[in-house]
file run.txt (compact mmCIF, C-alpha atoms and all ligand atoms)
# COMPACT_ATOMS: atom_id res chain seq x y z
CA MET M 175 90.35 -77.57 50.12
CA ALA M 176 93.03 -76.07 52.38
CA SER M 177 91.80 -73.60 54.95
CA GLY M 178 92.52 -70.24 53.36
CA MET M 179 92.18 -66.78 54.78
CA PRO M 180 88.57 -65.62 54.55
CA SER M 181 89.64 -62.63 52.50
CA GLU M 182 91.07 -64.93 49.83
CA GLN M 183 87.86 -66.79 49.25
CA ILE M 184 86.23 -66.28 45.90
CA GLY M 185 82.69 -66.05 47.23
CA PRO M 186 81.43 -65.23 50.67
CA PRO M 187 81.03 -68.26 52.92
CA LEU M 188 77.48 -69.58 52.88
CA HIS M 189 76.75 -68.52 56.43
CA LEU M 190 77.64 -64.91 55.76
CA TRP M 191 75.03 -62.36 56.79
CA PRO M 192 72.53 -64.93 57.92
CA ARG M 193 69.78 -62.39 58.44
CA VAL M 194 69.53 -62.20 54.65
CA ILE M 195 68.32 -65.34 52.88
CA GLY M 196 70.29 -66.41 49.80
CA GLN M 197 71.39 -63.58 47.45
CA GLN M 198 74.99 -64.76 47.43
CA ARG M 199 75.90 -62.70 44.39
CA VAL M 200 74.69 -59.50 46.03
CA LYS M 201 76.46 -60.33 49.29
CA GLN M 202 79.62 -60.87 47.30
CA THR M 203 79.32 -57.51 45.55
CA LEU M 204 78.68 -55.59 48.77
CA LEU M 205 81.34 -57.45 50.68
CA SER M 206 84.02 -56.60 48.17
CA ALA M 207 82.87 -52.97 48.22
CA LEU M 208 83.21 -52.99 52.01
CA ARG M 209 86.63 -54.64 51.85
CA THR M 210 88.00 -52.12 49.43
CA GLY M 211 86.26 -49.13 50.97
CA ARG M 212 84.37 -48.51 47.75
CA ILE M 213 80.83 -48.43 49.03
CA ALA M 214 78.77 -46.29 46.68
CA HIS M 215 76.98 -43.24 48.02
CA ALA M 216 73.72 -44.41 46.48
CA TYR M 217 72.41 -47.87 45.67
CA LEU M 218 69.29 -49.02 43.95
CA PHE M 219 68.29 -52.51 45.02
CA TYR M 220 65.71 -53.77 42.56
CA GLY M 221 63.92 -57.06 42.13
CA GLU M 222 60.61 -58.65 42.95
CA GLU M 223 58.69 -58.06 46.15
CA GLY M 224 59.87 -60.03 49.16
CA VAL M 225 63.22 -61.32 47.90
CA GLY M 226 65.29 -59.48 50.52
CA LYS M 227 66.08 -55.99 49.20
CA ASP M 228 65.11 -54.21 52.41
CA ALA M 229 66.69 -57.02 54.43
CA MET M 230 69.97 -56.50 52.61
CA ALA M 231 69.79 -52.72 53.00
CA LEU M 232 69.22 -53.04 56.74
CA GLU M 233 71.97 -55.62 57.04
CA LEU M 234 74.35 -53.29 55.22
CA ALA M 235 73.39 -50.57 57.70
CA ARG M 236 73.99 -52.94 60.59
CA MET M 237 77.40 -53.86 59.27
CA ILE M 238 78.40 -50.26 58.76
CA GLN M 239 77.29 -49.26 62.24
CA CYS M 240 78.62 -52.33 64.08
CA GLU M 241 81.29 -51.39 66.60
CA GLN M 242 83.31 -54.51 65.79
CA GLN M 243 83.90 -53.53 62.14
CA ARG M 244 84.31 -57.06 60.88
CA GLU M 245 82.81 -58.56 57.75
CA GLU M 246 79.85 -59.67 59.74
CA ALA M 247 77.79 -57.51 62.08
CA CYS M 248 78.38 -58.90 65.58
CA GLY M 249 74.71 -58.70 66.57
CA GLN M 250 75.73 -57.98 70.18
CA CYS M 251 77.11 -54.47 70.40
CA GLY M 252 74.96 -51.46 71.21
CA SER M 253 74.95 -50.33 67.59
CA CYS M 254 73.83 -53.71 66.25
CA LEU M 255 71.04 -53.87 68.80
CA ARG M 256 69.88 -50.35 68.03
CA VAL M 257 69.79 -51.13 64.32
CA GLN M 258 67.77 -54.25 65.00
CA GLU M 259 65.33 -52.18 67.04
CA MET M 260 65.28 -49.52 64.31
CA GLN M 261 66.44 -47.03 66.91
CA HIS M 262 69.88 -46.22 65.62
CA PRO M 263 70.34 -42.48 65.08
CA ASP M 264 72.46 -43.10 61.98
CA LEU M 265 69.88 -45.29 60.28
CA GLN M 266 66.78 -43.75 58.78
CA LEU M 267 64.10 -45.85 57.21
CA ILE M 268 61.97 -43.83 54.83
CA THR M 269 58.61 -45.21 53.75
CA ALA M 270 55.23 -43.96 52.64
CA LEU M 271 53.39 -42.23 55.51
CA PRO M 272 49.86 -41.04 56.05
CA VAL M 273 49.12 -37.34 55.64
CA GLY M 274 47.95 -35.63 58.82
CA LYS M 275 44.93 -33.37 59.21
CA GLY M 276 45.75 -29.89 57.95
CA GLU M 277 49.27 -30.97 57.07
CA ASP M 278 51.02 -28.84 54.48
CA LYS M 279 54.20 -29.43 52.57
CA GLY M 280 56.26 -27.35 54.99
CA ASP M 281 55.43 -29.55 57.99
CA PRO M 282 57.88 -32.22 59.13
CA PRO M 283 56.62 -35.66 58.05
CA LEU M 284 55.33 -36.74 61.45
CA ALA M 285 54.26 -33.36 62.86
CA LYS M 286 50.55 -33.48 62.06
CA LEU M 287 49.94 -37.19 62.51
CA SER M 288 47.57 -38.49 65.19
CA PRO M 289 48.84 -40.56 68.14
CA ASP M 290 47.20 -43.60 66.49
CA ASP M 291 49.10 -42.99 63.27
CA LEU M 292 52.34 -42.56 65.17
CA SER M 293 51.95 -45.75 67.12
CA ALA M 294 51.01 -47.70 63.97
CA ILE M 295 54.19 -46.43 62.30
CA GLN M 296 56.31 -47.23 65.31
CA GLU M 297 54.90 -50.74 65.53
CA GLU M 298 55.45 -51.43 61.83
CA TYR M 299 59.05 -50.19 62.00
CA ARG M 300 59.65 -52.28 65.08
CA ARG M 301 58.38 -55.37 63.27
CA LYS M 302 60.57 -54.56 60.30
CA GLY M 303 63.61 -54.42 62.57
CA GLU M 304 62.67 -57.71 64.16
CA ASN M 305 62.07 -59.40 60.83
CA PRO M 306 63.42 -57.50 57.83
CA TYR M 307 61.13 -59.54 55.52
CA HIS M 308 58.08 -58.04 57.16
CA GLN M 309 56.24 -55.89 54.65
CA ILE M 310 55.40 -52.57 56.20
CA SER M 311 51.76 -51.70 55.94
CA ILE M 312 50.62 -48.43 57.51
CA PRO M 313 46.99 -47.36 57.10
CA ARG M 314 46.48 -44.51 54.59
CA ALA M 315 50.20 -44.40 53.82
CA ASN M 316 50.27 -44.00 50.05
CA VAL M 317 53.19 -41.78 49.20
CA ILE M 318 56.68 -40.98 50.38
CA LYS M 319 56.27 -37.32 51.20
CA ILE M 320 58.54 -34.53 50.08
CA SER M 321 58.94 -33.60 53.75
CA SER M 322 60.56 -37.01 54.39
CA VAL M 323 63.06 -36.38 51.61
CA ARG M 324 63.71 -32.82 52.84
CA GLU M 325 64.52 -34.26 56.22
CA LEU M 326 66.89 -36.73 54.57
CA ARG M 327 68.55 -33.87 52.69
CA ARG M 328 69.12 -31.97 55.90
CA GLU M 329 70.36 -34.95 57.87
CA ALA M 330 72.61 -36.18 55.07
CA THR M 331 74.87 -33.20 55.60
CA MET M 332 75.17 -33.76 59.35
CA THR M 333 77.96 -35.82 60.91
CA ALA M 334 77.00 -39.29 62.02
CA PHE M 335 76.41 -39.71 65.75
CA GLY M 336 78.40 -42.93 65.87
CA GLY M 337 81.27 -41.56 63.81
CA LYS M 338 80.55 -43.84 60.85
CA LYS M 339 78.37 -43.19 57.82
CA ARG M 340 74.71 -42.34 58.04
CA VAL M 341 72.51 -44.79 56.18
CA PHE M 342 69.15 -43.90 54.64
CA VAL M 343 66.97 -46.68 53.34
CA ILE M 344 64.12 -45.58 51.09
CA SER M 345 61.86 -48.58 50.95
CA ARG M 346 59.59 -48.88 47.91
CA ALA M 347 61.18 -45.83 46.42
CA GLU M 348 58.58 -45.81 43.63
CA ASP M 349 56.14 -44.48 46.24
CA MET M 350 57.89 -41.09 46.21
CA GLU M 351 55.61 -38.29 45.10
CA ASP M 352 57.03 -36.31 42.17
CA SER M 353 58.27 -33.44 44.31
CA ALA M 354 59.95 -35.91 46.66
CA ALA M 355 61.70 -37.62 43.75
CA ASN M 356 62.93 -34.28 42.46
CA ALA M 357 64.23 -33.31 45.88
CA LEU M 358 66.04 -36.63 46.17
CA LEU M 359 67.56 -36.12 42.76
CA LYS M 360 69.25 -32.95 44.04
CA THR M 361 70.77 -34.90 46.91
CA LEU M 362 72.02 -37.59 44.57
CA GLU M 363 73.57 -34.93 42.34
CA GLU M 364 75.60 -33.45 45.19
CA PRO M 365 76.44 -36.49 47.30
CA ALA M 366 77.49 -35.78 50.87
CA GLY M 367 80.51 -37.90 51.78
CA GLY M 368 79.21 -39.13 55.09
CA CYS M 369 76.12 -40.96 54.00
CA ILE M 370 74.83 -43.87 52.01
CA ILE M 371 71.38 -43.88 50.45
CA VAL M 372 69.81 -47.19 49.52
CA LEU M 373 66.64 -47.19 47.46
CA THR M 374 64.68 -50.41 47.16
CA THR M 375 62.03 -51.08 44.55
CA ALA M 376 60.11 -53.84 42.86
CA ASN M 377 59.18 -51.42 40.12
CA ARG M 378 62.28 -49.76 38.77
CA GLU M 379 60.48 -48.48 35.69
CA ALA M 380 58.34 -46.25 37.91
CA LEU M 381 61.39 -44.28 39.10
CA LEU M 382 62.77 -41.21 37.38
CA PRO M 383 65.49 -42.37 34.96
CA THR M 384 67.71 -39.62 36.33
CA ILE M 385 67.44 -41.14 39.81
CA VAL M 386 68.12 -44.64 38.52
CA SER M 387 71.20 -43.54 36.62
CA ARG M 388 72.71 -41.86 39.68
CA CYS M 389 72.59 -45.01 41.77
CA GLN M 390 74.67 -48.12 41.63
CA GLN M 391 72.08 -50.67 40.60
CA ILE M 392 72.00 -54.12 42.12
CA ARG M 393 69.57 -56.73 40.90
CA PHE M 394 67.98 -59.18 43.34
CA ASP M 395 66.84 -62.51 41.95
CA PRO M 396 63.86 -64.47 43.24
CA LEU M 397 64.81 -66.93 45.96
CA THR M 398 64.88 -70.61 45.14
CA GLU M 399 62.22 -72.90 46.50
CA GLU M 400 64.86 -74.62 48.59
CA GLU M 401 66.16 -71.34 50.06
CA ILE M 402 62.64 -70.45 51.11
CA ARG M 403 61.91 -73.91 52.42
CA SER M 404 64.98 -74.11 54.61
CA ALA M 405 64.55 -70.54 55.84
CA LEU M 406 60.97 -71.32 56.85
CA ILE M 407 62.19 -74.32 58.82
CA ASN M 408 65.28 -72.74 60.35
CA ARG M 409 64.23 -69.14 60.92
CA ASP M 410 60.53 -69.41 61.45
CA GLY M 411 60.22 -72.88 62.95
CA VAL M 412 57.75 -74.11 60.32
CA ASP M 413 57.39 -77.90 60.11
CA VAL M 414 58.76 -79.70 57.10
CA THR M 415 55.48 -80.50 55.29
CA HIS M 416 54.08 -77.00 55.62
CA ALA M 417 57.41 -75.45 54.68
CA GLY M 418 57.55 -77.48 51.46
CA LEU M 419 54.10 -76.43 50.36
CA VAL M 420 54.45 -72.77 51.33
CA ALA M 421 57.88 -72.54 49.65
CA ARG M 422 56.37 -73.88 46.48
CA LEU M 423 53.54 -71.37 46.52
CA ALA M 424 55.71 -68.43 47.50
CA ASN M 425 57.13 -68.08 44.02
CA GLY M 426 60.55 -66.85 45.07
CA SER M 427 59.34 -64.33 47.65
CA TYR M 428 59.98 -64.80 51.35
CA SER M 429 57.49 -62.12 52.32
CA ARG M 430 54.83 -63.97 50.35
CA ALA M 431 55.80 -67.16 52.16
CA LEU M 432 55.31 -65.40 55.50
CA SER M 433 51.92 -64.06 54.52
CA LEU M 434 50.86 -67.49 53.26
CA LEU M 435 51.67 -68.87 56.70
CA GLN M 436 49.42 -66.29 58.31
CA ASP M 437 46.54 -66.90 55.98
CA ASP M 438 46.17 -70.55 56.81
CA VAL M 439 46.64 -71.81 53.30
CA PHE M 440 45.81 -75.31 54.38
CA ALA M 441 42.19 -74.49 55.04
CA GLU M 442 42.11 -72.69 51.71
CA ARG M 443 43.51 -75.69 49.95
CA LYS M 444 40.84 -77.91 51.43
CA PHE M 445 38.27 -75.60 49.88
CA VAL M 446 40.09 -75.85 46.55
CA ILE M 447 39.67 -79.60 46.59
CA ASP M 448 35.97 -79.24 47.38
CA PHE M 449 35.65 -76.85 44.47
CA ILE M 450 37.40 -79.21 42.06
CA ARG M 451 35.12 -82.00 43.19
CA ASP M 452 32.02 -79.81 42.70
CA ALA M 453 33.23 -78.71 39.28
CA LEU M 454 34.11 -82.17 37.99
CA SER M 455 30.89 -83.72 39.24
CA GLY M 456 28.93 -81.03 37.42
CA ASN M 457 27.08 -79.95 40.54
CA ALA M 458 25.96 -76.53 39.32
CA ALA M 459 24.34 -75.46 42.58
CA ALA M 460 27.45 -76.27 44.59
CA VAL M 461 29.64 -74.53 42.03
CA ALA M 462 27.46 -71.42 42.18
CA GLU M 463 27.82 -71.41 45.94
CA ASP M 464 31.61 -71.78 45.69
CA ALA M 465 31.79 -68.95 43.16
CA GLU M 466 29.74 -66.70 45.40
CA ARG M 467 31.97 -67.45 48.36
CA ILE M 468 35.11 -66.71 46.35
CA ALA M 469 33.73 -63.42 45.01
CA GLY M 470 32.77 -62.55 48.58
CA TRP M 471 36.43 -62.52 49.64
CA LYS M 472 36.78 -59.26 47.71
CA ASN M 473 40.47 -59.96 47.58
CA ARG M 474 42.03 -60.50 44.19
CA ASP M 475 45.30 -61.87 45.61
CA LYS M 476 43.43 -64.49 47.52
CA VAL M 477 41.39 -65.44 44.45
CA GLN M 478 44.58 -65.67 42.46
CA ARG M 479 46.10 -67.96 45.06
CA PHE M 480 42.96 -70.08 44.96
CA LEU M 481 43.35 -70.47 41.20
CA LEU M 482 47.05 -71.26 41.59
CA PHE M 483 46.06 -74.05 43.96
CA VAL M 484 43.66 -75.39 41.35
CA LEU M 485 46.45 -75.20 38.80
CA MET M 486 48.85 -77.02 41.12
CA TRP M 487 46.33 -79.75 41.71
CA PHE M 488 45.95 -80.51 38.01
CA ARG M 489 49.68 -80.23 37.43
CA ASP M 490 50.24 -82.73 40.22
CA ALA M 491 47.62 -85.01 38.69
CA LEU M 492 49.48 -84.82 35.39
CA VAL M 493 52.85 -85.53 36.99
CA LEU M 494 51.41 -88.41 38.96
CA SER M 495 49.66 -89.89 35.92
CA ARG M 496 53.07 -90.06 34.26
CA GLY M 497 54.40 -92.02 37.20
CA CYS M 498 56.48 -89.27 38.82
CA ASP M 499 56.45 -88.03 42.40
CA VAL M 500 54.45 -85.01 43.45
CA VAL M 501 55.48 -82.46 46.01
CA ASN M 502 52.21 -82.49 47.90
CA LEU M 503 52.42 -85.91 49.38
CA ASP M 504 49.39 -85.23 51.55
CA GLN M 505 47.30 -84.95 48.39
CA GLN M 506 48.61 -88.05 46.74
CA GLU M 507 45.77 -90.34 47.75
CA GLU M 508 43.08 -88.01 46.49
CA LEU M 509 44.99 -87.45 43.27
CA ASN M 510 45.51 -91.17 42.74
CA ARG M 511 41.84 -91.80 43.16
CA PHE M 512 41.05 -89.12 40.61
CA ILE M 513 43.48 -90.52 38.06
CA THR M 514 42.26 -94.08 38.52
CA ARG M 515 38.66 -93.00 38.03
CA ASN M 516 39.38 -90.68 35.13
CA PRO M 517 42.21 -92.18 33.11
CA GLU M 518 40.99 -90.31 30.02
CA ALA M 519 40.76 -86.90 31.64
CA ASP M 520 42.36 -84.14 29.57
CA LEU M 521 44.69 -82.84 32.26
CA LEU M 522 46.59 -80.54 29.94
CA GLY M 523 43.24 -79.05 28.93
CA ALA M 524 42.34 -78.50 32.59
CA ILE M 525 45.69 -76.82 33.19
CA GLY M 526 45.13 -74.57 30.18
CA GLU M 527 41.65 -73.61 31.36
CA THR M 528 42.94 -72.74 34.81
CA GLU M 529 45.75 -70.64 33.37
CA ARG M 530 43.18 -68.85 31.26
CA ALA M 531 41.09 -68.09 34.35
CA ILE M 532 44.19 -66.67 36.06
CA SER M 533 44.92 -64.40 33.12
CA LEU M 534 41.31 -63.20 33.06
CA LEU M 535 41.63 -62.33 36.72
CA ASP M 536 44.55 -60.07 35.85
CA ARG M 537 42.29 -58.27 33.42
CA ASN M 538 39.83 -57.47 36.13
CA THR M 539 36.93 -59.57 34.88
CA TYR M 540 33.92 -60.35 37.04
CA ILE M 541 35.18 -62.94 39.53
CA GLN M 542 32.01 -64.99 39.92
CA LEU M 543 31.82 -65.45 36.16
CA ILE M 544 35.46 -66.51 35.92
CA ILE M 545 34.98 -69.19 38.56
CA PHE M 546 31.71 -70.44 37.12
CA THR M 547 33.12 -70.61 33.60
CA LEU M 548 36.22 -72.38 34.85
CA ALA M 549 34.10 -75.00 36.62
CA THR M 550 32.11 -75.67 33.45
CA ARG M 551 35.22 -75.99 31.35
CA LEU M 552 36.94 -78.24 33.84
CA ARG M 553 33.92 -80.49 33.71
CA ALA M 554 34.27 -80.57 29.93
CA THR M 555 37.83 -81.88 30.20
CA LEU M 556 36.46 -85.13 31.57
CA PRO M 557 35.42 -87.67 28.93
CA LYS M 558 31.64 -88.11 28.63
CA ARG M 559 30.41 -91.06 30.58
CA ARG M 560 27.82 -93.53 29.39
ZN ZN M 601 77.87 -55.12 66.38

call {"tool": "encode", "arguments": {"input": "run.txt", "output": "structure tokens"}}
result
Amino acid sequence: MASGMPSEQIGPPLHLWPRVIGQQRVKQTLLSALRTGRIAHAYLFYGEEGVGKDAMALELARMIQCEQQREEACGQCGSCLRVQEMQHPDLQLITALPVGKGEDKGDPPLAKLSPDDLSAIQEEYRRKGENPYHQISIPRANVIKISSVRELRREATMTAFGGKKRVFVISRAEDMEDSAANALLKTLEEPAGGCIIVLTTANREALLPTIVSRCQQIRFDPLTEEEIRSALINRDGVDVTHAGLVARLANGSYSRALSLLQDDVFAERKFVIDFIRDALSGNAAAVAEDAERIAGWKNRDKVQRFLLFVLMWFRDALVLSRGCDVVNLDQQEELNRFITRNPEADLLGAIGETERAISLLDRNTYIQLIIFTLATRLRATLPKRR
């Protein structure tokens, strides 16, 4: 292809906005809005958790504030650096916050918070700036307060310090308490020219329809396994084997991939294999011990991941028994041994049983019982011997 002017390209070049993984369609939409000066005054970025909605909102803010005003934030100027540090006066991140002692609705959002609360918030925002895929988690922060939205309303009418537009990012907008949502609605009804409001949510249905309809909605798709894998390698320095496994487990979410890295999924997976061995050998005492340990985690997400690992293991066994390659090369030997020893095993049945256990988990059933039942049923998928 001849080297054309960048502005004549149909899609954005692949390296565009590298702080945001994938999402080419969204980049394209926003880029053409920037080119034609038709940035909306309010956006709703929706899509699953961890696919880059906040990352895109912050990148949009960085681009708008960048002193170079190109199609790519320069990453070097004072404005870019301040955005990255979440210290830019024309960028406000609005999230759920804790409620201070004796705080009433008239207080500014941070006024009654303890020094500990304030430093926790500051640290979480700093981490978000450093890695926009970081999921903010502030103790006791359950709702986006009306005072935060009132502050937005006031600031939205003020001129931007840097002479550009002010950007407000409301992360997990579904966390807004009712009064906050109603206050925001008023702002969306009378848009101030000098600001852009970006709401992000993984749960669009939980927002007021009147808010949704006043925003330009942009859907974010889950990331592909390959996008996650290469981002893990290139951005986070993860080695190739780990990156492949984590990308597979992350289910389209980069934030989930990052949290999997922290949780040492490899140790967990080792335990999964022990459990499968205990279950298939019909060792009831060992299974009971495993079930007790799993229930003791008191963490449904972790239990779910455990069951997904079990599911993956049987799926891999199935794939391998049909002579195809599996992704988890490190497990291949163990899987081969299993298949050789149990050529008659009902692998589809085992997969079905595991899926059933996962769906029971969603319905809040007693964890120990789910695990114990699963073990018994897995055992039953093996043909009776002698
Ligand atoms: Zn810049």

call {"tool": "atom_distance", "arguments": {"input": "run.txt", "atom1": "atom CA of Ala366 of chain M", "atom2": "atom CA of His215 of chain M"}}
result
8.0 Å

call {"tool": "residues_near_ligand", "arguments": {"input": "run.txt", "ligand": "ligand ZN 601 (chain M)", "cutoff": "7 Å", "atoms": "all atoms listed in the file", "output": "count of residues only"}}
result
11

call {"tool": "closest_atom_pairs", "arguments": {"input": "run.txt", "of": "segment 176-274 of chain M", "to": "segment 327-345 of chain M", "cutoff": "6 Å", "atoms": "only C-alpha atoms", "output": "JSON lines"}}
result
{"residue": "M:Asp264", "atom": "CA", "partner": "M:Arg340", "partner_atom": "CA", "distance": 4.6}
{"residue": "M:Leu265", "atom": "CA", "partner": "M:Val341", "partner_atom": "CA", "distance": 4.9}
{"residue": "M:Gln266", "atom": "CA", "partner": "M:Phe342", "partner_atom": "CA", "distance": 4.8}
{"residue": "M:Leu267", "atom": "CA", "partner": "M:Val343", "partner_atom": "CA", "distance": 4.9}
{"residue": "M:Ile268", "atom": "CA", "partner": "M:Ile344", "partner_atom": "CA", "distance": 4.7}
{"residue": "M:Thr269", "atom": "CA", "partner": "M:Ser345", "partner_atom": "CA", "distance": 5.5}

call {"tool": "atom_distance", "arguments": {"input": "run.txt", "atom1": "atom CA of Glu259 of chain M", "atom2": "atom CA of Arg300 of chain M"}}
result
6.0 Å

call {"tool": "residues_around", "arguments": {"input": "run.txt", "residues": "Val493 of chain M", "least_positions_apart": "5", "cutoff": "12 Å", "atoms": "all atoms listed in the file", "output": "list in words"}}
result
Met486, Trp487, Phe488, Cys498, Asp499, Val500, Val501, Asn502, Gln506, Leu509, Asn510, Ile513, Leu521, Leu522 and Ile525 of chain M

call {"tool": "closest_residue", "arguments": {"input": "run.txt", "among": "M:Cys369, M:Val420, M:Val461, M:Ile447", "to": "Ser433 of chain M", "atoms": "all atoms listed in the file"}}
result
M:Val420

call {"tool": "residues_near_point", "arguments": {"input": "run.txt", "point": "(29.2, -80.2, 29.0)", "cutoff": "12 Å", "atoms": "all atoms listed in the file", "output": "list of chain:residue names"}}
result
M:Ala453, M:Leu454, M:Ser455, M:Gly456, M:Asn457, M:Ala458, M:Thr547, M:Ala549, M:Thr550, M:Arg551, M:Leu552, M:Arg553, M:Ala554, M:Thr555, M:Leu556, M:Pro557, M:Lys558, M:Arg559

call {"tool": "atom_distance", "arguments": {"input": "run.txt", "atom1": "atom CA of Lys444 of chain M", "atom2": "atom CA of Glu508 of chain M"}}
result
11.5 Å

call {"tool": "residues_around", "arguments": {"input": "run.txt", "residues": "segment 528-542 of chain M", "least_positions_apart": "5", "cutoff": "7 Å", "atoms": "only C-alpha atoms", "output": "list in words"}}
result
Ala465, Glu466, Ala469, Gln478, Leu481, Leu485 and Leu548 of chain M

call {"tool": "decode", "arguments": {"input": "run.txt", "residues": "segment 475-492 of chain M", "atoms": "N, CA, C and O atoms", "output": "compact mmCIF listing (two decimals), in the first residue's frame"}}
result
# COMPACT_ATOMS: atom_id res chain seq x y z
N ASP M 475 -15.51 -15.71 44.12
CA ASP M 475 -14.79 -15.55 42.85
C ASP M 475 -13.68 -16.57 42.74
O ASP M 475 -13.42 -17.14 41.68
N LYS M 476 -13.02 -16.77 43.88
CA LYS M 476 -11.90 -17.71 43.87
C LYS M 476 -12.41 -19.14 43.67
O LYS M 476 -11.79 -19.93 42.95
N VAL M 477 -13.55 -19.46 44.28
CA VAL M 477 -14.13 -20.79 44.10
C VAL M 477 -14.54 -20.97 42.63
O VAL M 477 -14.32 -22.01 42.02
N GLN M 478 -15.09 -19.90 42.08
CA GLN M 478 -15.51 -19.99 40.69
C GLN M 478 -14.30 -20.25 39.77
O GLN M 478 -14.36 -21.06 38.86
N ARG M 479 -13.21 -19.56 40.08
CA ARG M 479 -12.01 -19.75 39.27
C ARG M 479 -11.49 -21.18 39.41
O ARG M 479 -11.06 -21.80 38.45
N PHE M 480 -11.58 -21.68 40.64
CA PHE M 480 -11.17 -23.06 40.89
C PHE M 480 -11.98 -24.00 39.98
O PHE M 480 -11.43 -24.86 39.29
N LEU M 481 -13.28 -23.80 39.95
CA LEU M 481 -14.13 -24.67 39.13
C LEU M 481 -13.85 -24.48 37.63
O LEU M 481 -13.91 -25.43 36.86
N LEU M 482 -13.51 -23.25 37.25
CA LEU M 482 -13.16 -23.02 35.84
C LEU M 482 -11.89 -23.78 35.48
O LEU M 482 -11.75 -24.30 34.37
N PHE M 483 -10.97 -23.83 36.42
CA PHE M 483 -9.74 -24.61 36.21
C PHE M 483 -10.07 -26.09 36.01
O PHE M 483 -9.50 -26.75 35.15
N VAL M 484 -10.99 -26.58 36.84
CA VAL M 484 -11.40 -27.99 36.72
C VAL M 484 -12.00 -28.21 35.32
O VAL M 484 -11.66 -29.16 34.61
N LEU M 485 -12.85 -27.27 34.95
CA LEU M 485 -13.50 -27.34 33.64
C LEU M 485 -12.46 -27.36 32.51
O LEU M 485 -12.52 -28.18 31.60
N MET M 486 -11.49 -26.46 32.62
CA MET M 486 -10.43 -26.38 31.61
C MET M 486 -9.66 -27.69 31.50
O MET M 486 -9.28 -28.11 30.42
N TRP M 487 -9.43 -28.27 32.65
CA TRP M 487 -8.65 -29.51 32.68
C TRP M 487 -9.37 -30.61 31.90
O TRP M 487 -8.78 -31.28 31.06
N PHE M 488 -10.66 -30.74 32.13
CA PHE M 488 -11.41 -31.78 31.41
C PHE M 488 -11.59 -31.42 29.93
O PHE M 488 -11.58 -32.30 29.07
N ARG M 489 -11.73 -30.14 29.66
CA ARG M 489 -11.82 -29.74 28.25
C ARG M 489 -10.53 -30.07 27.52
O ARG M 489 -10.53 -30.56 26.40
N ASP M 490 -9.41 -29.78 28.20
CA ASP M 490 -8.11 -30.10 27.60
C ASP M 490 -7.98 -31.61 27.38
O ASP M 490 -7.46 -32.05 26.37
N ALA M 491 -8.44 -32.39 28.36
CA ALA M 491 -8.37 -33.84 28.24
C ALA M 491 -9.16 -34.28 27.01
O ALA M 491 -8.70 -35.13 26.23
N LEU M 492 -10.31 -33.66 26.82
CA LEU M 492 -11.16 -34.00 25.68
C LEU M 492 -10.45 -33.67 24.36
O LEU M 492 -10.40 -34.48 23.44
